[in-house]
Structures are given as C-alpha cells and as structure tokens.
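Chemist: This is the content of protein-v1.tsv (TSV, N, CA and C atoms):
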chain	number	residue	atom	x	y	z
K	22	MET	N	133.98	118.83	74.76
K	22	MET	CA	132.99	119.13	75.79
K	22	MET	C	131.68	118.39	75.53
K	23	LYS	N	131.25	118.40	74.25
K	23	LYS	CA	130.01	117.70	73.90
K	23	LYS	C	130.12	116.21	74.20
K	24	HIS	N	131.28	115.65	73.88
K	24	HIS	CA	131.49	114.23	74.13
K	24	HIS	C	131.47	113.93	75.62
K	25	THR	N	132.01	114.81	76.43
K	25	THR	CA	132.02	114.63	77.88
K	25	THR	C	130.61	114.65	78.42
K	26	LEU	N	129.80	115.62	77.94
K	26	LEU	CA	128.40	115.70	78.39
K	26	LEU	C	127.61	114.47	77.94
K	27	LEU	N	127.85	114.04	76.72
K	27	LEU	CA	127.16	112.86	76.21
K	27	LEU	C	127.55	111.63	77.01
K	28	LEU	N	128.83	111.46	77.27
K	28	LEU	CA	129.30	110.34	78.06
K	28	LEU	C	128.72	110.37	79.47
K	29	ALA	N	128.69	111.56	80.07
K	29	ALA	CA	128.11	111.71	81.41
K	29	ALA	C	126.63	111.35	81.40
K	30	SER	N	125.91	111.76	80.36
K	30	SER	CA	124.47	111.45	80.25
K	30	SER	C	124.25	109.95	80.13
K	31	VAL	N	125.08	109.31	79.31
K	31	VAL	CA	124.96	107.86	79.11
K	31	VAL	C	125.26	107.14	80.42
K	32	LEU	N	126.30	107.57	81.11
K	32	LEU	CA	126.65	106.94	82.39
K	32	LEU	C	125.55	107.11	83.42
K	33	LEU	N	124.96	108.30	83.48
K	33	LEU	CA	123.86	108.53	84.42
K	33	LEU	C	122.66	107.65	84.08
K	34	ALA	N	122.36	107.54	82.79
K	34	ALA	CA	121.24	106.69	82.37
K	34	ALA	C	121.52	105.24	82.73
K	35	PHE	N	122.76	104.79	82.54
K	35	PHE	CA	123.15	103.42	82.87
K	35	PHE	C	123.03	103.17	84.37
K	36	ILE	N	123.51	104.11	85.16
K	36	ILE	CA	123.44	103.98	86.61
K	36	ILE	C	121.99	103.93	87.07
K	37	ALA	N	121.14	104.81	86.50
K	37	ALA	CA	119.73	104.82	86.86
K	37	ALA	C	119.07	103.50	86.49
K	38	CYS	N	119.40	102.98	85.32
K	38	CYS	CA	118.85	101.71	84.88
K	38	CYS	C	119.31	100.59	85.81
K	39	SER	N	120.57	100.61	86.16
K	39	SER	CA	121.10	99.59	87.06
K	39	SER	C	120.43	99.65	88.42
K	40	ASP	N	120.18	100.87	88.92
K	40	ASP	CA	119.49	101.01	90.20
K	40	ASP	C	118.08	100.44	90.12
K	41	LYS	N	117.39	100.70	89.02
K	41	LYS	CA	116.03	100.17	88.86
K	41	LYS	C	116.04	98.65	88.78
K	42	GLU	N	117.00	98.11	88.05
K	42	GLU	CA	117.11	96.66	87.96
K	42	GLU	C	117.41	96.05	89.32
K	43	LEU	N	118.30	96.71	90.06
K	43	LEU	CA	118.65	96.24	91.40
K	43	LEU	C	117.43	96.29	92.32
K	44	GLU	N	116.67	97.36	92.25
K	44	GLU	CA	115.45	97.49	93.06
K	44	GLU	C	114.46	96.40	92.71
K	45	GLU	N	114.32	96.11	91.42
K	45	GLU	CA	113.38	95.07	90.99
K	45	GLU	C	113.84	93.70	91.49
K	46	LYS	N	115.13	93.42	91.39
K	46	LYS	CA	115.65	92.14	91.89
K	46	LYS	C	115.43	92.03	93.40
K	47	GLU	N	115.63	93.12	94.11
K	47	GLU	CA	115.42	93.12	95.56
K	47	GLU	C	113.94	92.90	95.89
K	48	ARG	N	113.06	93.54	95.13
K	48	ARG	CA	111.62	93.37	95.34
K	48	ARG	C	111.22	91.91	95.11
K	49	LEU	N	111.74	91.32	94.04
K	49	LEU	CA	111.42	89.92	93.74
K	49	LEU	C	111.97	88.99	94.81
K	50	ALA	N	113.15	89.28	95.31
K	50	ALA	CA	113.74	88.46	96.38
K	50	ALA	C	112.88	88.53	97.64
K	51	GLN	N	112.43	89.72	98.00
K	51	GLN	CA	111.58	89.88	99.18
K	51	GLN	C	110.25	89.15	98.97
K	52	SER	N	109.72	89.23	97.77
K	52	SER	CA	108.48	88.53	97.45
K	52	SER	C	108.66	87.02	97.61
K	53	ALA	N	109.79	86.50	97.14
K	53	ALA	CA	110.06	85.07	97.25
K	53	ALA	C	110.20	84.65	98.71
K	54	VAL	N	110.80	85.49	99.54
K	54	VAL	CA	110.94	85.17	100.97
K	54	VAL	C	109.55	85.10	101.62
K	55	ARG	N	108.69	86.07	101.31
K	55	ARG	CA	107.32	86.03	101.84
K	55	ARG	C	106.60	84.79	101.32
K	56	GLY	N	106.83	84.48	100.05
K	56	GLY	CA	106.21	83.29	99.44
K	56	GLY	C	106.65	82.01	100.10
K	57	GLN	N	107.92	81.95	100.50
K	57	GLN	CA	108.43	80.76	101.18
K	57	GLN	C	107.68	80.51	102.47
K	58	VAL	N	107.44	81.56	103.23
K	58	VAL	CA	106.70	81.43	104.50
K	58	VAL	C	105.27	80.97	104.22
K	59	LEU	N	104.64	81.57	103.23
K	59	LEU	CA	103.26	81.21	102.90
K	59	LEU	C	103.15	79.80	102.33
K	60	PHE	N	104.18	79.37	101.60
K	60	PHE	CA	104.16	78.07	100.96
K	60	PHE	C	104.20	76.92	101.96
K	61	GLU	N	104.59	77.18	103.19
K	61	GLU	CA	104.64	76.13	104.21
K	61	GLU	C	103.31	75.39	104.32
K	62	GLN	N	102.19	76.09	104.12
K	62	GLN	CA	100.88	75.44	104.22
K	62	GLN	C	100.57	74.58	102.99
K	63	CYS	N	101.38	74.68	101.95
K	63	CYS	CA	101.16	73.96	100.70
K	63	CYS	C	101.99	72.68	100.60
K	64	VAL	N	103.00	72.57	101.46
K	64	VAL	CA	104.00	71.50	101.37
K	64	VAL	C	103.38	70.11	101.49
K	65	VAL	N	102.42	69.95	102.34
K	65	VAL	CA	101.83	68.62	102.56
K	65	VAL	C	101.30	68.03	101.25
K	66	CYS	N	100.63	68.83	100.47
K	66	CYS	CA	100.06	68.32	99.22
K	66	CYS	C	101.01	68.46	98.03
K	67	HIS	N	101.81	69.52	98.00
K	67	HIS	CA	102.60	69.84	96.80
K	67	HIS	C	104.09	69.55	96.92
K	68	GLY	N	104.57	69.16	98.11
K	68	GLY	CA	105.98	68.84	98.30
K	68	GLY	C	106.82	70.06	98.64
K	69	GLU	N	107.97	69.80	99.24
K	69	GLU	CA	108.87	70.87	99.70
K	69	GLU	C	109.31	71.80	98.58
K	70	ARG	N	109.47	71.25	97.37
K	70	ARG	CA	109.94	72.05	96.24
K	70	ARG	C	108.88	72.13	95.15
K	71	ALA	N	107.62	71.97	95.54
K	71	ALA	CA	106.47	72.05	94.62
K	71	ALA	C	106.58	70.99	93.51
K	72	GLU	N	107.22	69.88	93.85
K	72	GLU	CA	107.51	68.84	92.88
K	72	GLU	C	106.54	67.67	92.92
K	73	LYS	N	105.68	67.65	93.91
K	73	LYS	CA	104.83	66.49	94.17
K	73	LYS	C	103.55	66.55	93.33
K	74	SER	N	103.18	65.40	92.80
K	74	SER	CA	101.91	65.27	92.08
K	74	SER	C	100.84	64.90	93.11
K	75	TYR	N	99.88	65.78	93.32
K	75	TYR	CA	98.87	65.56	94.34
K	75	TYR	C	97.89	64.47	93.89
K	76	MET	N	97.79	63.44	94.68
K	76	MET	CA	96.88	62.31	94.46
K	76	MET	C	97.03	61.70	93.05
K	77	GLN	N	98.22	61.82	92.49
K	77	GLN	CA	98.49	61.31	91.14
K	77	GLN	C	97.57	61.90	90.08
K	78	GLU	N	96.89	62.99	90.41
K	78	GLU	CA	95.95	63.62	89.48
K	78	GLU	C	96.43	65.01	89.06
K	79	VAL	N	96.97	65.73	90.00
K	79	VAL	CA	97.39	67.11	89.75
K	79	VAL	C	98.89	67.12	89.47
K	80	PRO	N	99.29	67.66	88.33
K	80	PRO	CA	100.73	67.71	88.04
K	80	PRO	C	101.46	68.59	89.05
K	81	PRO	N	102.76	68.39	89.21
K	81	PRO	CA	103.52	69.25	90.12
K	81	PRO	C	103.33	70.72	89.74
K	82	ILE	N	103.06	71.55	90.73
K	82	ILE	CA	102.76	72.95	90.42
K	82	ILE	C	103.99	73.73	89.97
K	83	LYS	N	105.18	73.20	90.19
K	83	LYS	CA	106.35	73.90	89.69
K	83	LYS	C	106.44	73.79	88.17
K	84	LEU	N	105.69	72.88	87.57
K	84	LEU	CA	105.66	72.74	86.11
K	84	LEU	C	104.69	73.72	85.45
K	85	ILE	N	103.85	74.35	86.24
K	85	ILE	CA	102.91	75.34	85.70
K	85	ILE	C	103.68	76.64	85.46
K	86	ASP	N	103.40	77.29	84.36
K	86	ASP	CA	104.12	78.52	83.99
K	86	ASP	C	103.97	79.61	85.04
K	87	TYR	N	105.06	80.36	85.17
K	87	TYR	CA	105.09	81.52	86.07
K	87	TYR	C	103.97	82.48	85.68
K	88	GLY	N	103.26	82.97	86.64
K	88	GLY	CA	102.14	83.87	86.39
K	88	GLY	C	100.82	83.09	86.29
K	89	MET	N	100.87	81.96	85.59
K	89	MET	CA	99.68	81.12	85.47
K	89	MET	C	99.32	80.51	86.83
K	90	ARG	N	100.34	80.18	87.63
K	90	ARG	CA	100.05	79.62	88.97
K	90	ARG	C	99.23	80.60	89.79
K	91	ALA	N	99.66	81.85	89.85
K	91	ALA	CA	98.93	82.85	90.64
K	91	ALA	C	97.52	83.04	90.07
K	92	GLN	N	97.41	83.04	88.76
K	92	GLN	CA	96.09	83.19	88.13
K	92	GLN	C	95.18	82.02	88.50
K	93	MET	N	95.72	80.82	88.51
K	93	MET	CA	94.93	79.65	88.89
K	93	MET	C	94.51	79.72	90.35
K	94	MET	N	95.42	80.18	91.23
K	94	MET	CA	95.07	80.32	92.64
K	94	MET	C	93.91	81.30	92.80
K	95	LYS	N	93.96	82.41	92.08
K	95	LYS	CA	92.88	83.41	92.14
K	95	LYS	C	91.58	82.82	91.64
K	96	SER	N	91.66	82.04	90.58
K	96	SER	CA	90.45	81.42	90.01
K	96	SER	C	89.83	80.43	90.99
K	97	TYR	N	90.67	79.65	91.67
K	97	TYR	CA	90.15	78.74	92.70
K	97	TYR	C	89.48	79.54	93.81
K	98	ARG	N	90.15	80.60	94.26
K	98	ARG	CA	89.60	81.42	95.35
K	98	ARG	C	88.27	82.07	94.95
K	99	ASP	N	88.22	82.59	93.73
K	99	ASP	CA	87.04	83.32	93.28
K	99	ASP	C	85.93	82.42	92.78
K	100	GLY	N	86.21	81.12	92.66
K	100	GLY	CA	85.19	80.17	92.22
K	100	GLY	C	84.91	80.21	90.73
K	101	THR	N	85.80	80.79	89.96
K	101	THR	CA	85.55	80.92	88.52
K	101	THR	C	85.93	79.67	87.72
K	102	LEU	N	86.42	78.64	88.39
K	102	LEU	CA	86.74	77.40	87.70
K	102	LEU	C	85.58	76.40	87.75
K	103	GLY	N	84.46	76.82	88.28
K	103	GLY	CA	83.32	75.93	88.39
K	103	GLY	C	83.39	75.12	89.66
K	104	LYS	N	82.41	74.28	89.85
K	104	LYS	CA	82.30	73.52	91.09
K	104	LYS	C	83.45	72.53	91.28
K	105	LYS	N	83.90	71.92	90.21
K	105	LYS	CA	84.95	70.91	90.30
K	105	LYS	C	86.34	71.47	90.02
K	106	GLY	N	86.44	72.52	89.25
K	106	GLY	CA	87.75	73.06	88.91
K	106	GLY	C	88.44	72.20	87.86
K	107	ILE	N	89.68	72.47	87.64
K	107	ILE	CA	90.43	71.78	86.60
K	107	ILE	C	90.65	70.31	86.94
K	108	TYR	N	90.95	70.02	88.20
K	108	TYR	CA	91.28	68.65	88.60
K	108	TYR	C	90.27	68.05	89.56
K	109	GLY	N	89.10	68.66	89.65
K	109	GLY	CA	88.07	68.13	90.54
K	109	GLY	C	88.28	68.46	92.00
K	110	LEU	N	89.12	69.44	92.28
K	110	LEU	CA	89.46	69.77	93.66
K	110	LEU	C	89.13	71.22	94.01
K	111	ALA	N	88.23	71.84	93.28
K	111	ALA	CA	87.95	73.26	93.48
K	111	ALA	C	87.48	73.57	94.90
K	112	ASP	N	86.66	72.70	95.49
K	112	ASP	CA	86.17	72.96	96.84
K	112	ASP	C	87.31	73.02	97.85
K	113	LEU	N	88.19	72.04	97.78
K	113	LEU	CA	89.33	71.98	98.70
K	113	LEU	C	90.28	73.15	98.47
K	114	LYS	N	90.65	73.37	97.23
K	114	LYS	CA	91.59	74.46	96.93
K	114	LYS	C	90.97	75.82	97.22
K	115	GLY	N	89.69	75.96	96.94
K	115	GLY	CA	89.03	77.23	97.19
K	115	GLY	C	89.08	77.63	98.65
K	116	GLU	N	88.90	76.66	99.54
K	116	GLU	CA	88.97	76.94	100.98
K	116	GLU	C	90.35	77.43	101.38
K	117	VAL	N	91.37	76.81	100.85
K	117	VAL	CA	92.75	77.22	101.16
K	117	VAL	C	93.01	78.61	100.59
K	118	MET	N	92.59	78.85	99.37
K	118	MET	CA	92.86	80.11	98.69
K	118	MET	C	92.12	81.30	99.31
K	119	LEU	N	91.01	81.04	99.98
K	119	LEU	CA	90.25	82.13	100.60
K	119	LEU	C	91.09	82.90	101.62
K	120	ARG	N	92.08	82.23	102.18
K	120	ARG	CA	92.94	82.87	103.19
K	120	ARG	C	94.05	83.73	102.59
K	121	LEU	N	94.20	83.69	101.27
K	121	LEU	CA	95.32	84.36	100.62
K	121	LEU	C	94.86	85.59	99.83
K	122	SER	N	95.66	86.64	99.93
K	122	SER	CA	95.41	87.84	99.13
K	122	SER	C	96.07	87.67	97.76
K	123	ASP	N	95.79	88.58	96.84
K	123	ASP	CA	96.44	88.55	95.53
K	123	ASP	C	97.96	88.65	95.70
K	124	GLU	N	98.41	89.49	96.62
K	124	GLU	CA	99.84	89.64	96.87
K	124	GLU	C	100.43	88.35	97.42
K	125	ASP	N	99.71	87.68	98.33
K	125	ASP	CA	100.18	86.39	98.85
K	125	ASP	C	100.38	85.39	97.72
K	126	MET	N	99.41	85.35	96.82
K	126	MET	CA	99.47	84.40	95.70
K	126	MET	C	100.65	84.73	94.79
K	127	ALA	N	100.87	86.01	94.53
K	127	ALA	CA	102.02	86.42	93.71
K	127	ALA	C	103.33	86.05	94.40
K	128	ASP	N	103.38	86.21	95.71
K	128	ASP	CA	104.59	85.86	96.48
K	128	ASP	C	104.86	84.35	96.41
K	129	ILE	N	103.82	83.55	96.55
K	129	ILE	CA	103.98	82.10	96.45
K	129	ILE	C	104.46	81.73	95.05
K	130	ASP	N	103.87	82.34	94.05
K	130	ASP	CA	104.27	82.09	92.67
K	130	ASP	C	105.75	82.45	92.47
K	131	GLU	N	106.17	83.58	93.02
K	131	GLU	CA	107.56	84.02	92.92
K	131	GLU	C	108.49	83.02	93.60
K	132	TYR	N	108.09	82.53	94.76
K	132	TYR	CA	108.90	81.56	95.49
K	132	TYR	C	109.05	80.27	94.69
K	133	ILE	N	107.96	79.77	94.16
K	133	ILE	CA	108.02	78.53	93.37
K	133	ILE	C	108.91	78.73	92.14
K	134	GLU	N	108.77	79.88	91.50
K	134	GLU	CA	109.60	80.16	90.33
K	134	GLU	C	111.08	80.23	90.71
K	135	SER	N	111.38	80.82	91.86
K	135	SER	CA	112.78	80.90	92.29
K	135	SER	C	113.35	79.51	92.55
K	136	MET	N	112.54	78.61	93.12
K	136	MET	CA	113.00	77.22	93.33
K	136	MET	C	113.21	76.52	91.99
K	137	LYS	N	112.28	76.74	91.08
K	137	LYS	CA	112.37	76.13	89.76
K	137	LYS	C	113.65	76.57	89.05
K	138	LEU	N	113.94	77.87	89.07
K	138	LEU	CA	115.14	78.39	88.43
K	138	LEU	C	116.41	77.88	89.12
K	139	ALA	N	116.37	77.78	90.44
K	139	ALA	CA	117.53	77.25	91.18
K	139	ALA	C	117.77	75.78	90.82
K	140	ASP	N	116.70	75.01	90.71
K	140	ASP	CA	116.82	73.60	90.34
K	140	ASP	C	117.41	73.46	88.94
K	141	GLU	N	116.94	74.30	88.01
K	141	GLU	CA	117.45	74.25	86.65
K	141	GLU	C	118.93	74.63	86.60
K	142	ALA	N	119.32	75.64	87.38
K	142	ALA	CA	120.73	76.05	87.42
K	142	ALA	C	121.60	74.95	88.00
K	143	THR	N	121.10	74.26	89.02
K	143	THR	CA	121.84	73.15	89.62
K	143	THR	C	122.03	72.02	88.61
K	144	GLN	N	120.98	71.72	87.87
K	144	GLN	CA	121.07	70.67	86.85
K	144	GLN	C	122.08	71.04	85.77
K	145	GLU	N	122.07	72.29	85.34
K	145	GLU	CA	123.03	72.76	84.34
K	145	GLU	C	124.47	72.63	84.85
K	146	SER	N	124.68	73.04	86.10
K	146	SER	CA	126.01	72.94	86.70
K	146	SER	C	126.47	71.49	86.78
K	147	THR	N	125.56	70.61	87.16
K	147	THR	CA	125.88	69.20	87.27
K	147	THR	C	126.26	68.62	85.90
K	148	LYS	N	125.54	69.03	84.86
K	148	LYS	CA	125.85	68.56	83.51
K	148	LYS	C	127.25	69.00	83.08
K	149	LYS	N	127.60	70.24	83.40
K	149	LYS	CA	128.91	70.76	83.03
K	149	LYS	C	130.04	70.04	83.74
K	150	ILE	N	129.80	69.63	84.98
K	150	ILE	CA	130.81	68.92	85.76
K	150	ILE	C	131.03	67.53	85.20
K	151	GLN	N	129.96	66.88	84.77
K	151	GLN	CA	130.06	65.52	84.26
K	151	GLN	C	130.60	65.57	82.88
Starting from the coordinates I provided, produce the structure as structure tokens.
Modeler:
Amino acid sequence: MKHTLLLASVLLAFIACSDKELEEKERLAQSAVRGQVLFEQCVVCHGERAEKSYMQEVPPIKLIDYGMRAQMMKSYRDGTLGKKGIYGLADLKGEVMLRLSDEDMADIDEYIESMKLADEATQESTKKIQ
C-alpha cells in the first residue's frame, strides 16, 4: 500500500511538472509568434533571420546572447547607452524602441532566439546527412 501511494505521488508530481513545462513551452511559442509580427519592422536593417550586419558596423543581432538583446533594446529606448550608444546609432534605435514595450522586446528576443535555434538544428541535421 505504501509503495502504491508513493508511486501515485511520484506520478502526480511528474504529471504536474510536465504540465508546467508544457505551459512554459506554449507561452514561449506564443511569445515568439508575437515577436515575429513585431520583428517585421526590423527586417530592413537586420535581415529576415536577424542575420544582417547593419551598415557593416553592427554585428548580426542573432549573434547577441538571448536576454542581452532585450536588455540592449531597453537601454536604447531608455537612453542609458549615452548619446551615441554602442555602435553610434542610439538616436535611430532609440526612436524605434520608443514604440515597444518591455513585453514587445522580450517577444522579439524570443522570436530571434527561436530562429537561431532552428538554424542551428538545421545545420546539425545537414551535417549528419553528409
């Protein structure tokens, strides 16, 4: 009887954990979808897959670490990077960022990260095939 109760408790804990993980994955997927829509305004400068180096000065933003991208967007918006910013484009980026909320920035970051992970998975698959 004790073993049955223990097994039932473990199974319930596992199911609860799985539900939480599933909810988190769903939340991240929804965030990435919102980010995709918001990222449309970024494509001209940063490329369809965030792979473009802007004016040969700014590295592709998909190379910036997850979380750091959103933090940089907030810093541009809030003016905390100084008048020129990291790449001398604070005025231009600040204007764009003023239209975005913290949640918007997190969604864009999530979308870029999802593209980055998809690209890496594709490259891995291609290597295995060859």
Chemist: How big is the axis-aligned box, and where does its centre sit, when it encloses all atoms of range 59-68 of chain K listed in the file and has 8 Å added on every side, reported in Å to one decimal as JSON?
Modeler:
{"center_x": 103.4, "center_y": 74.8, "center_z": 100.6, "size_x": 22.8, "size_y": 29.5, "size_z": 23.5}
Chemist: With only C-alpha atoms counted and 7 Å as the cut-off, give the residues of range 68-139 of chain K in contact with range 44-56 of chain K, each with its shortest interatomic distance in Å and the pair that gives it, as CSV.
Modeler:
residue,atom,partner,partner_atom,distance
K:Asp125,CA,K:Gly56,CA,6.8
K:Asp128,CA,K:Gly56,CA,4.2
K:Ile129,CA,K:Gly56,CA,3.9
K:Glu131,CA,K:Ala53,CA,5.1
K:Tyr132,CA,K:Ala53,CA,4.1
Chemist: Given the choices K:Met126, K:Leu119, K:Pro81, K:Gln62, which gets closest to Tyr97 in chain K if the distance is worked out from all atoms listed in the file?
Modeler: K:Leu119
Chemist: Applying 7 Å and all atoms listed in the file, which residues near Ala71 in chain K remain after dropping the ones on its own chain fewer than 6 positions away? List them as a PyMOL selection string.
Modeler: chain K and resi 64+81-84+133
Chemist: Quick one: residues within 8 Å of Arg90 in chain K, all atoms listed in the file counted, chain neighbours fewer than 3 positions away excluded, as a list of chain:residue names?
Modeler: K:Ile82, K:Ile85, K:Asp86, K:Tyr87, K:Met93, K:Met94, K:Lys95, K:Ser96, K:Met126, K:Ala127, K:Ile129, K:Asp130
Chemist: What does the file look like for those residues with N, CA and C atoms, as a short mmCIF file (atom, residue, chain, number, x, y, z; two decimals), in the frame of the given file?
Modeler:
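The resulting file, result-v1.cif, is shown below:
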data_model
loop_
_atom_site.label_atom_id
_atom_site.label_comp_id
_atom_site.auth_asym_id
_atom_site.auth_seq_id
_atom_site.Cartn_x
_atom_site.Cartn_y
_atom_site.Cartn_z
N ILE K 82 103.06 71.55 90.73
CA ILE K 82 102.76 72.95 90.42
C ILE K 82 103.99 73.73 89.97
N ILE K 85 103.85 74.35 86.24
CA ILE K 85 102.91 75.34 85.70
C ILE K 85 103.68 76.64 85.46
N ASP K 86 103.40 77.29 84.36
CA ASP K 86 104.12 78.52 83.99
C ASP K 86 103.97 79.61 85.04
N TYR K 87 105.06 80.36 85.17
CA TYR K 87 105.09 81.52 86.07
C TYR K 87 103.97 82.48 85.68
N MET K 93 95.72 80.82 88.51
CA MET K 93 94.93 79.65 88.89
C MET K 93 94.51 79.72 90.35
N MET K 94 95.42 80.18 91.23
CA MET K 94 95.07 80.32 92.64
C MET K 94 93.91 81.30 92.80
N LYS K 95 93.96 82.41 92.08
CA LYS K 95 92.88 83.41 92.14
C LYS K 95 91.58 82.82 91.64
N SER K 96 91.66 82.04 90.58
CA SER K 96 90.45 81.42 90.01
C SER K 96 89.83 80.43 90.99
N MET K 126 99.41 85.35 96.82
CA MET K 126 99.47 84.40 95.70
C MET K 126 100.65 84.73 94.79
N ALA K 127 100.87 86.01 94.53
CA ALA K 127 102.02 86.42 93.71
C ALA K 127 103.33 86.05 94.40
N ILE K 129 103.82 83.55 96.55
CA ILE K 129 103.98 82.10 96.45
C ILE K 129 104.46 81.73 95.05
N ASP K 130 103.87 82.34 94.05
CA ASP K 130 104.27 82.09 92.67
C ASP K 130 105.75 82.45 92.47
#
Chemist: Could you check how far atom N of His67 in chain K sits from CA of Lys148 in chain K, in Å to one decimal?
Modeler: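 Interatomic distance here is 28.1 Å.
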Chemist: What's the separation between atom N of Tyr108 in chain K and atom N of Gln92 in chain K, in Å to one decimal place?
Modeler: 14.5 Å
Chemist: In Å to one decimal, how far is CA of Thr101 in chain K from atom C of Leu121 in chain K?
Modeler: 15.4 Å
Chemist: Would you pull range 112-123 of chain K out of the block just shown and save N, CA, C and O atoms as a compact mmCIF listing (two decimals), in the first residue's frame?
Modeler:
# COMPACT_ATOMS: atom_id res chain seq x y z
N ASP K 112 20.47 57.30 -31.43
CA ASP K 112 19.34 58.16 -31.79
C ASP K 112 18.33 57.41 -32.67
O ASP K 112 17.14 57.42 -32.42
N LEU K 113 18.84 56.74 -33.68
CA LEU K 113 17.98 55.99 -34.60
C LEU K 113 17.29 54.83 -33.88
O LEU K 113 16.08 54.66 -33.95
N LYS K 114 18.06 54.04 -33.16
CA LYS K 114 17.48 52.89 -32.46
C LYS K 114 16.53 53.33 -31.36
O LYS K 114 15.51 52.70 -31.14
N GLY K 115 16.87 54.41 -30.68
CA GLY K 115 16.01 54.90 -29.61
C GLY K 115 14.62 55.25 -30.11
O GLY K 115 13.62 54.94 -29.47
N GLU K 116 14.55 55.87 -31.28
CA GLU K 116 13.25 56.23 -31.87
C GLU K 116 12.41 54.99 -32.15
O GLU K 116 11.22 54.96 -31.90
N VAL K 117 13.04 53.97 -32.68
CA VAL K 117 12.33 52.72 -32.99
C VAL K 117 11.88 52.06 -31.68
O VAL K 117 10.75 51.60 -31.56
N MET K 118 12.75 52.02 -30.71
CA MET K 118 12.46 51.33 -29.45
C MET K 118 11.38 52.02 -28.61
O MET K 118 10.72 51.37 -27.81
N LEU K 119 11.20 53.32 -28.82
CA LEU K 119 10.17 54.04 -28.06
C LEU K 119 8.77 53.46 -28.29
O LEU K 119 7.90 53.58 -27.44
N ARG K 120 8.59 52.83 -29.43
CA ARG K 120 7.28 52.26 -29.77
C ARG K 120 7.05 50.89 -29.14
O ARG K 120 5.97 50.33 -29.25
N LEU K 121 8.07 50.33 -28.51
CA LEU K 121 7.98 48.96 -28.00
C LEU K 121 7.92 48.92 -26.47
O LEU K 121 8.66 49.62 -25.80
N SER K 122 7.07 48.03 -25.97
CA SER K 122 7.00 47.80 -24.53
C SER K 122 8.06 46.77 -24.14
O SER K 122 8.67 46.13 -25.01
N ASP K 123 8.27 46.59 -22.84
CA ASP K 123 9.20 45.56 -22.38
C ASP K 123 8.76 44.18 -22.89
O ASP K 123 9.59 43.37 -23.30
